[in-house]
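S.K.: Input: one structure, supplied below.
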Amino acid sequence: MLFNSMQFLVFFPIVVLVYFLVPVKIKHIWLLMASYYFYMCWNAEYACLLLTSTVVTYAAVMLMERIRSRKADTKGKKQEKLVFVCSLAVNLGMLFYFKYTNFALSLFSGLSKLFSVQWKIPEFDILLPVGISFYIFQSLGYMVDVYRGEEEPEKNFFRYALFVSFFPQLVAGPIERSKNLLRQLAEPKRFDYVRVREGLLLMLWGFFLKMVIADRCAVLVNTVYENDMAYHGYQVIVANVLFAFQIYCDFMGYSQIARGSAQVLGCNLMENFRQPYLSRSIKEFWRRWHISLSSWFRDYLYIPLGGSRCGKAVRYRNLMITFLASGLWHGAGLSFIAWGGGTWSVSDSRRGSISFFCQVL
């Protein structure tokens, strides 16, 4: 269900009311049930994917912990790494199948034609599950933290399942870390008037950004973009400017509703936007935009590749891989890959390439 729907306006008060009435020991069970219902309102069948990702990562972490406690030698580390890689492959395999299968087949078809090779390549009618990129990245982040020894495994399966499926940030982020959200879910909060009031005000601000600003801008933007040949000059310029506000207020509004609803339930989600349009440079802008995603790529891709602790050529390679992965995360298409690769274009001859991940330098 959408946040800006009558269904959610009925769903959320019921969830909150029951949450504060049930005993502390089963609060996480109630939120887990509510989160799965929330997700199943989009498509009930794809709740199986959410559950699969949860079970696979939970089982992998438990198995790694068991190996680690029994075998601290080289053989044990190899077994632990094998479990980690297998779980990683299963999760990324699901993401690839649902999000990139047809894109990969179309690329293969194009390359075949380029070399005058005729292949009959089928097209699959695959519906992209809502939020799959978000919850897979969140569960993988937890698994990596445990594998590195930076986080203790969560032995309560239902609490871990809630961490992966927590409905305020399930379908559009922010991509939370276990160090933040999982620990809060382990300590349920009782009703607090001030916290609930502030959370509701944050939700109200998000609804204003989404429904009043973003949706109203979308009316003019869609009118121009759907028939661009009929409009010229200042009309196109105004539409482009309004589109910048539309995409920001839409995403920012959704994030604020997520943070506000989580705060009502006693959880503080990370800030995902920090006034990016007031930035004084491209580097600062991308530090303030979609913070949870950029920091995820920094911590779980860029730094493991070597980050900036290497030669210039390797550092640029690491940056380019990170940029391309980010572009591909946003969408399955050459335009997204080009956008990802293009974001590291030279904007400062003294510093070299600058992109939306420059904060990792």
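Note on naming: chains are A, B, ... as they come in the structure tokens, residues start from 1 per chain, ligands start from 1 in the order shown.
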Using only C-alpha atoms, I'd like a table of the residues in region 212-306 of chain A that come within 12 Å of region 31-53 of chain A; for each, show the closest atom pair and its distance in Å rounded to one decimal, ordered by chain and ascending number, as a Markdown table.
M.R.:
```
| residue | atom | partner | partner_atom | distance |
| --- | --- | --- | --- | --- |
| A:Ala262 | CA | A:Leu31 | CA | 10.9 |
| A:Leu265 | CA | A:Leu31 | CA | 9.3 |
| A:Gly266 | CA | A:Leu31 | CA | 11.8 |
```
S.K.: Report as a list in words all protein, DNA and RNA residues lying within 12 Å of region 78-82 of chain A, evaluated on only C-alpha atoms, omitting residues in the same chain fewer than 5 positions from it.
M.R.: Ala60, Val61, Met62, Leu63, Met64, Glu65, Arg66, Ile67, Arg68, Ser69, Arg70, Lys71, Ala72, Asp73, Ser87, Leu88, Ala89, Met143, Val144, Val146, Tyr147 and Arg148 of chain A
S.K.: What would the file look like if the residues just selected were written as a PDB file, in the first residue's frame with N, CA and C atoms?
M.R.:
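Below you can see again-v9.pdb, which holds the result:
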```pdb
ATOM      1  N   ALA A  60      22.503 -18.296   7.079  1.00  0.00           N
ATOM      2  CA  ALA A  60      23.928 -18.134   6.788  1.00  0.00           C
ATOM      3  C   ALA A  60      24.674 -17.567   7.984  1.00  0.00           C
ATOM      4  N   VAL A  61      24.085 -16.559   8.615  1.00  0.00           N
ATOM      5  CA  VAL A  61      24.738 -15.943   9.778  1.00  0.00           C
ATOM      6  C   VAL A  61      24.838 -16.936  10.936  1.00  0.00           C
ATOM      7  N   MET A  62      23.781 -17.696  11.174  1.00  0.00           N
ATOM      8  CA  MET A  62      23.816 -18.685  12.249  1.00  0.00           C
ATOM      9  C   MET A  62      24.856 -19.769  11.971  1.00  0.00           C
ATOM     10  N   LEU A  63      24.960 -20.192  10.711  1.00  0.00           N
ATOM     11  CA  LEU A  63      25.933 -21.209  10.338  1.00  0.00           C
ATOM     12  C   LEU A  63      27.353 -20.671  10.453  1.00  0.00           C
ATOM     13  N   MET A  64      27.565 -19.419  10.026  1.00  0.00           N
ATOM     14  CA  MET A  64      28.885 -18.809  10.166  1.00  0.00           C
ATOM     15  C   MET A  64      29.284 -18.696  11.633  1.00  0.00           C
ATOM     16  N   GLU A  65      28.328 -18.340  12.477  1.00  0.00           N
ATOM     17  CA  GLU A  65      28.610 -18.221  13.901  1.00  0.00           C
ATOM     18  C   GLU A  65      28.960 -19.581  14.501  1.00  0.00           C
ATOM     19  N   ARG A  66      28.275 -20.610  14.054  1.00  0.00           N
ATOM     20  CA  ARG A  66      28.554 -21.959  14.551  1.00  0.00           C
ATOM     21  C   ARG A  66      29.942 -22.425  14.123  1.00  0.00           C
ATOM     22  N   ILE A  67      30.288 -22.167  12.861  1.00  0.00           N
ATOM     23  CA  ILE A  67      31.623 -22.533  12.370  1.00  0.00           C
ATOM     24  C   ILE A  67      32.696 -21.757  13.130  1.00  0.00           C
ATOM     25  N   ARG A  68      32.435 -20.490  13.363  1.00  0.00           N
ATOM     26  CA  ARG A  68      33.411 -19.631  14.040  1.00  0.00           C
ATOM     27  C   ARG A  68      33.662 -20.081  15.481  1.00  0.00           C
ATOM     28  N   SER A  69      32.608 -20.547  16.137  1.00  0.00           N
ATOM     29  CA  SER A  69      32.752 -20.974  17.531  1.00  0.00           C
ATOM     30  C   SER A  69      33.444 -22.335  17.661  1.00  0.00           C
ATOM     31  N   ARG A  70      33.370 -23.144  16.601  1.00  0.00           N
ATOM     32  CA  ARG A  70      33.950 -24.484  16.659  1.00  0.00           C
ATOM     33  C   ARG A  70      35.328 -24.559  16.015  1.00  0.00           C
ATOM     34  N   LYS A  71      35.517 -23.797  14.957  1.00  0.00           N
ATOM     35  CA  LYS A  71      36.785 -23.871  14.221  1.00  0.00           C
ATOM     36  C   LYS A  71      37.334 -22.471  14.011  1.00  0.00           C
ATOM     37  N   ALA A  72      38.400 -22.178  14.690  1.00  0.00           N
ATOM     38  CA  ALA A  72      39.017 -20.858  14.543  1.00  0.00           C
ATOM     39  C   ALA A  72      40.241 -20.912  13.637  1.00  0.00           C
ATOM     40  N   ASP A  73      40.467 -22.072  12.992  1.00  0.00           N
ATOM     41  CA  ASP A  73      41.635 -22.222  12.140  1.00  0.00           C
ATOM     42  C   ASP A  73      41.332 -21.781  10.712  1.00  0.00           C
ATOM     43  N   SER A  87      25.336 -17.402   0.373  1.00  0.00           N
ATOM     44  CA  SER A  87      24.207 -16.548   0.738  1.00  0.00           C
ATOM     45  C   SER A  87      24.183 -15.285  -0.112  1.00  0.00           C
ATOM     46  N   LEU A  88      25.352 -14.720  -0.348  1.00  0.00           N
ATOM     47  CA  LEU A  88      25.463 -13.538  -1.191  1.00  0.00           C
ATOM     48  C   LEU A  88      24.976 -13.842  -2.606  1.00  0.00           C
ATOM     49  N   ALA A  89      25.359 -15.001  -3.128  1.00  0.00           N
ATOM     50  CA  ALA A  89      24.969 -15.400  -4.476  1.00  0.00           C
ATOM     51  C   ALA A  89      23.461 -15.602  -4.593  1.00  0.00           C
ATOM     52  N   MET A 143      24.521  -9.102   7.105  1.00  0.00           N
ATOM     53  CA  MET A 143      25.352 -10.295   6.982  1.00  0.00           C
ATOM     54  C   MET A 143      26.831  -9.927   6.889  1.00  0.00           C
ATOM     55  N   VAL A 144      27.150  -8.882   6.149  1.00  0.00           N
ATOM     56  CA  VAL A 144      28.538  -8.446   6.037  1.00  0.00           C
ATOM     57  C   VAL A 144      29.066  -7.972   7.387  1.00  0.00           C
ATOM     58  N   VAL A 146      28.171  -8.954  10.352  1.00  0.00           N
ATOM     59  CA  VAL A 146      28.433 -10.126  11.198  1.00  0.00           C
ATOM     60  C   VAL A 146      29.682 -10.859  10.711  1.00  0.00           C
ATOM     61  N   TYR A 147      29.819 -10.996   9.401  1.00  0.00           N
ATOM     62  CA  TYR A 147      30.971 -11.699   8.826  1.00  0.00           C
ATOM     63  C   TYR A 147      32.279 -10.993   9.198  1.00  0.00           C
ATOM     64  N   ARG A 148      32.243  -9.673   9.234  1.00  0.00           N
ATOM     65  CA  ARG A 148      33.435  -8.903   9.604  1.00  0.00           C
ATOM     66  C   ARG A 148      33.687  -8.914  11.109  1.00  0.00           C
TER      67      ARG A 148
END
```
S.K.: When distances are computed from only C-alpha atoms, which of A:Phe157, A:Val15, A:Leu111, A:Lys27 shows the smallest separation from Val55 (chain A)?
M.R.: A:Phe157
S.K.: When distances are computed from only C-alpha atoms, which of A:Thr322, A:Ser294, A:Ser261, A:Ser255 shows the smallest separation from Glu198 (chain A)?
M.R.: A:Ser261
S.K.: Would you list, as a PyMOL selection string, the residues of region 14-252 of chain A that end up in alpha helix (DSSP H) under DSSP run on this structure's backbone?
M.R.: chain A and resi 14-21+27-40+47-70+74-114+132-148+157-165+183-185+193-207+215-225+234-252
S.K.: Ranking A:Leu127, A:Ala186, A:Ile175, A:Val212 by minimum distance to Glu154 (chain A) and counting only C-alpha atoms, which one comes first?
M.R.: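 Residue with the minimum atom-to-atom distance to Glu154 (chain A): A:Ala186.
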S.K.: Please measure the separation of CA of Asp125 (chain A) and CA of Leu334 (chain A), giving the value in Å to one decimal.
M.R.: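 Taking CA of Asp125 (chain A) as the start and CA of Leu334 (chain A) as the end point, the length is 19.8 Å.
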S.K.: Neighbouring residues of region 98-102 of chain A were defined as those with any atom within 12 Å, considering only C-alpha atoms; residues of the same chain fewer than 4 positions away were excluded. Please report them as an NGL selection string.
M.R.: :A and (46 or 49 or 91-94 or 106-109 or 121-133 or 328-334)
S.K.: Which residues are close to Met270 (chain A), i.e. within 9 Å by only C-alpha atoms, leaving aside same-chain residues fewer than 6 positions away? Reply as a list of chain:residue names.
M.R.: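 Near Met270 (chain A), the qualifying residues are A:Pro174, A:Ile175, A:Glu176, A:Arg177, A:Asn180, A:Leu181, A:Arg259, A:Ile291, A:Ser292.
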S.K.: Produce a file of the selected residues containing all heavy atoms, as a PDB file, in the first residue's frame.
M.R.:
```
ATOM      1  N   PRO A 174      14.781   4.626   4.220  1.00  0.00           N
ATOM      2  CA  PRO A 174      16.226   4.467   4.045  1.00  0.00           C
ATOM      3  C   PRO A 174      16.709   3.041   4.319  1.00  0.00           C
ATOM      4  O   PRO A 174      16.063   2.296   5.044  1.00  0.00           O
ATOM      5  CB  PRO A 174      16.815   5.452   5.062  1.00  0.00           C
ATOM      6  CG  PRO A 174      15.748   5.610   6.095  1.00  0.00           C
ATOM      7  CD  PRO A 174      14.451   5.492   5.371  1.00  0.00           C
ATOM      8  N   ILE A 175      17.853   2.702   3.696  1.00  0.00           N
ATOM      9  CA  ILE A 175      18.457   1.385   3.887  1.00  0.00           C
ATOM     10  C   ILE A 175      19.154   1.401   5.241  1.00  0.00           C
ATOM     11  O   ILE A 175      20.211   2.001   5.398  1.00  0.00           O
ATOM     12  CB  ILE A 175      19.460   1.069   2.762  1.00  0.00           C
ATOM     13  CG1 ILE A 175      18.771   1.162   1.399  1.00  0.00           C
ATOM     14  CG2 ILE A 175      20.066  -0.308   2.952  1.00  0.00           C
ATOM     15  CD1 ILE A 175      19.721   1.055   0.219  1.00  0.00           C
ATOM     16  N   GLU A 176      18.525   0.750   6.218  1.00  0.00           N
ATOM     17  CA  GLU A 176      19.012   0.840   7.596  1.00  0.00           C
ATOM     18  C   GLU A 176      20.130  -0.160   7.879  1.00  0.00           C
ATOM     19  O   GLU A 176      20.271  -1.170   7.196  1.00  0.00           O
ATOM     20  CB  GLU A 176      17.875   0.630   8.579  1.00  0.00           C
ATOM     21  CG  GLU A 176      17.146   1.910   8.941  1.00  0.00           C
ATOM     22  CD  GLU A 176      18.035   2.891   9.692  1.00  0.00           C
ATOM     23  OE1 GLU A 176      19.101   2.490  10.216  1.00  0.00           O
ATOM     24  OE2 GLU A 176      17.657   4.076   9.751  1.00  0.00           O
ATOM     25  N   ARG A 177      20.900   0.140   8.907  1.00  0.00           N
ATOM     26  CA  ARG A 177      21.966  -0.740   9.382  1.00  0.00           C
ATOM     27  C   ARG A 177      21.490  -1.477  10.628  1.00  0.00           C
ATOM     28  O   ARG A 177      20.733  -0.940  11.439  1.00  0.00           O
ATOM     29  CB  ARG A 177      23.222   0.054   9.717  1.00  0.00           C
ATOM     30  CG  ARG A 177      23.706   0.976   8.599  1.00  0.00           C
ATOM     31  CD  ARG A 177      24.138   0.209   7.370  1.00  0.00           C
ATOM     32  NE  ARG A 177      24.588   1.092   6.318  1.00  0.00           N
ATOM     33  CZ  ARG A 177      25.840   1.526   6.207  1.00  0.00           C
ATOM     34  NH1 ARG A 177      26.747   1.156   7.089  1.00  0.00           N
ATOM     35  NH2 ARG A 177      26.169   2.324   5.219  1.00  0.00           N
ATOM     36  N   ASN A 180      21.869   0.155  14.011  1.00  0.00           N
ATOM     37  CA  ASN A 180      20.900   1.158  14.415  1.00  0.00           C
ATOM     38  C   ASN A 180      19.524   0.554  14.649  1.00  0.00           C
ATOM     39  O   ASN A 180      19.024   0.522  15.769  1.00  0.00           O
ATOM     40  CB  ASN A 180      20.812   2.255  13.343  1.00  0.00           C
ATOM     41  CG  ASN A 180      19.811   3.335  13.696  1.00  0.00           C
ATOM     42  OD1 ASN A 180      19.692   3.726  14.863  1.00  0.00           O
ATOM     43  ND2 ASN A 180      19.062   3.802  12.723  1.00  0.00           N
ATOM     44  N   LEU A 181      18.901   0.028  13.593  1.00  0.00           N
ATOM     45  CA  LEU A 181      17.511  -0.409  13.690  1.00  0.00           C
ATOM     46  C   LEU A 181      17.340  -1.696  14.485  1.00  0.00           C
ATOM     47  O   LEU A 181      16.423  -1.798  15.319  1.00  0.00           O
ATOM     48  CB  LEU A 181      16.936  -0.587  12.283  1.00  0.00           C
ATOM     49  CG  LEU A 181      15.470  -1.020  12.210  1.00  0.00           C
ATOM     50  CD1 LEU A 181      14.580  -0.039  12.961  1.00  0.00           C
ATOM     51  CD2 LEU A 181      15.027  -1.149  10.753  1.00  0.00           C
ATOM     52  N   ARG A 259      10.286   7.956   8.345  1.00  0.00           N
ATOM     53  CA  ARG A 259      10.948   8.294   9.598  1.00  0.00           C
ATOM     54  C   ARG A 259       9.932   8.657  10.679  1.00  0.00           C
ATOM     55  O   ARG A 259      10.085   8.283  11.850  1.00  0.00           O
ATOM     56  CB  ARG A 259      11.921   9.456   9.381  1.00  0.00           C
ATOM     57  CG  ARG A 259      13.103   9.119   8.479  1.00  0.00           C
ATOM     58  CD  ARG A 259      14.034  10.320   8.349  1.00  0.00           C
ATOM     59  NE  ARG A 259      14.645  10.635   9.639  1.00  0.00           N
ATOM     60  CZ  ARG A 259      14.828  11.878  10.077  1.00  0.00           C
ATOM     61  NH1 ARG A 259      14.458  12.919   9.338  1.00  0.00           N
ATOM     62  NH2 ARG A 259      15.390  12.093  11.241  1.00  0.00           N
ATOM     63  N   ILE A 291      21.379   9.535   1.403  1.00  0.00           N
ATOM     64  CA  ILE A 291      22.545   9.252   2.235  1.00  0.00           C
ATOM     65  C   ILE A 291      22.691   7.768   2.538  1.00  0.00           C
ATOM     66  O   ILE A 291      23.801   7.224   2.549  1.00  0.00           O
ATOM     67  CB  ILE A 291      22.458  10.068   3.539  1.00  0.00           C
ATOM     68  CG1 ILE A 291      22.425  11.562   3.214  1.00  0.00           C
ATOM     69  CG2 ILE A 291      23.622   9.749   4.463  1.00  0.00           C
ATOM     70  CD1 ILE A 291      22.074  12.440   4.394  1.00  0.00           C
ATOM     71  N   SER A 292      21.576   7.090   2.778  1.00  0.00           N
ATOM     72  CA  SER A 292      21.662   5.675   3.154  1.00  0.00           C
ATOM     73  C   SER A 292      22.216   4.819   2.024  1.00  0.00           C
ATOM     74  O   SER A 292      22.951   3.863   2.268  1.00  0.00           O
ATOM     75  CB  SER A 292      20.281   5.154   3.577  1.00  0.00           C
ATOM     76  OG  SER A 292      19.369   5.164   2.499  1.00  0.00           O
TER      77      SER A 292
END
```
S.K.: Write out as JSON, numbers by chain the residues lying within 8 Å of Val264 (chain A), counting only C-alpha atoms and excluding same-chain residues fewer than 5 positions away.
M.R.: {"A": [16, 195, 196, 197, 198, 199, 200]}
S.K.: Just to confirm, what's the straight-line distance from CA of Pro23 (chain A) to CA of Phe191 (chain A) in Å (one decimal)?
M.R.: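 Separation between CA of Pro23 (chain A) and CA of Phe191 (chain A): 12.3 Å.
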S.K.: Which residue is closest to Met211 (chain A)? Choose from A:Gly260, A:Pro168, A:Pro304, A:Gly253 and count only C-alpha atoms.
M.R.: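 That would be A:Gly253, the residue with the smallest distance to Met211 (chain A).
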S.K.: Smallest atom-to-atom distance to Val171 (chain A): which of A:Phe3, A:Ser295, A:Glu271, A:Gly327, using only C-alpha atoms?
M.R.: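 Answer, going by the shortest atom-to-atom distance: A:Phe3.
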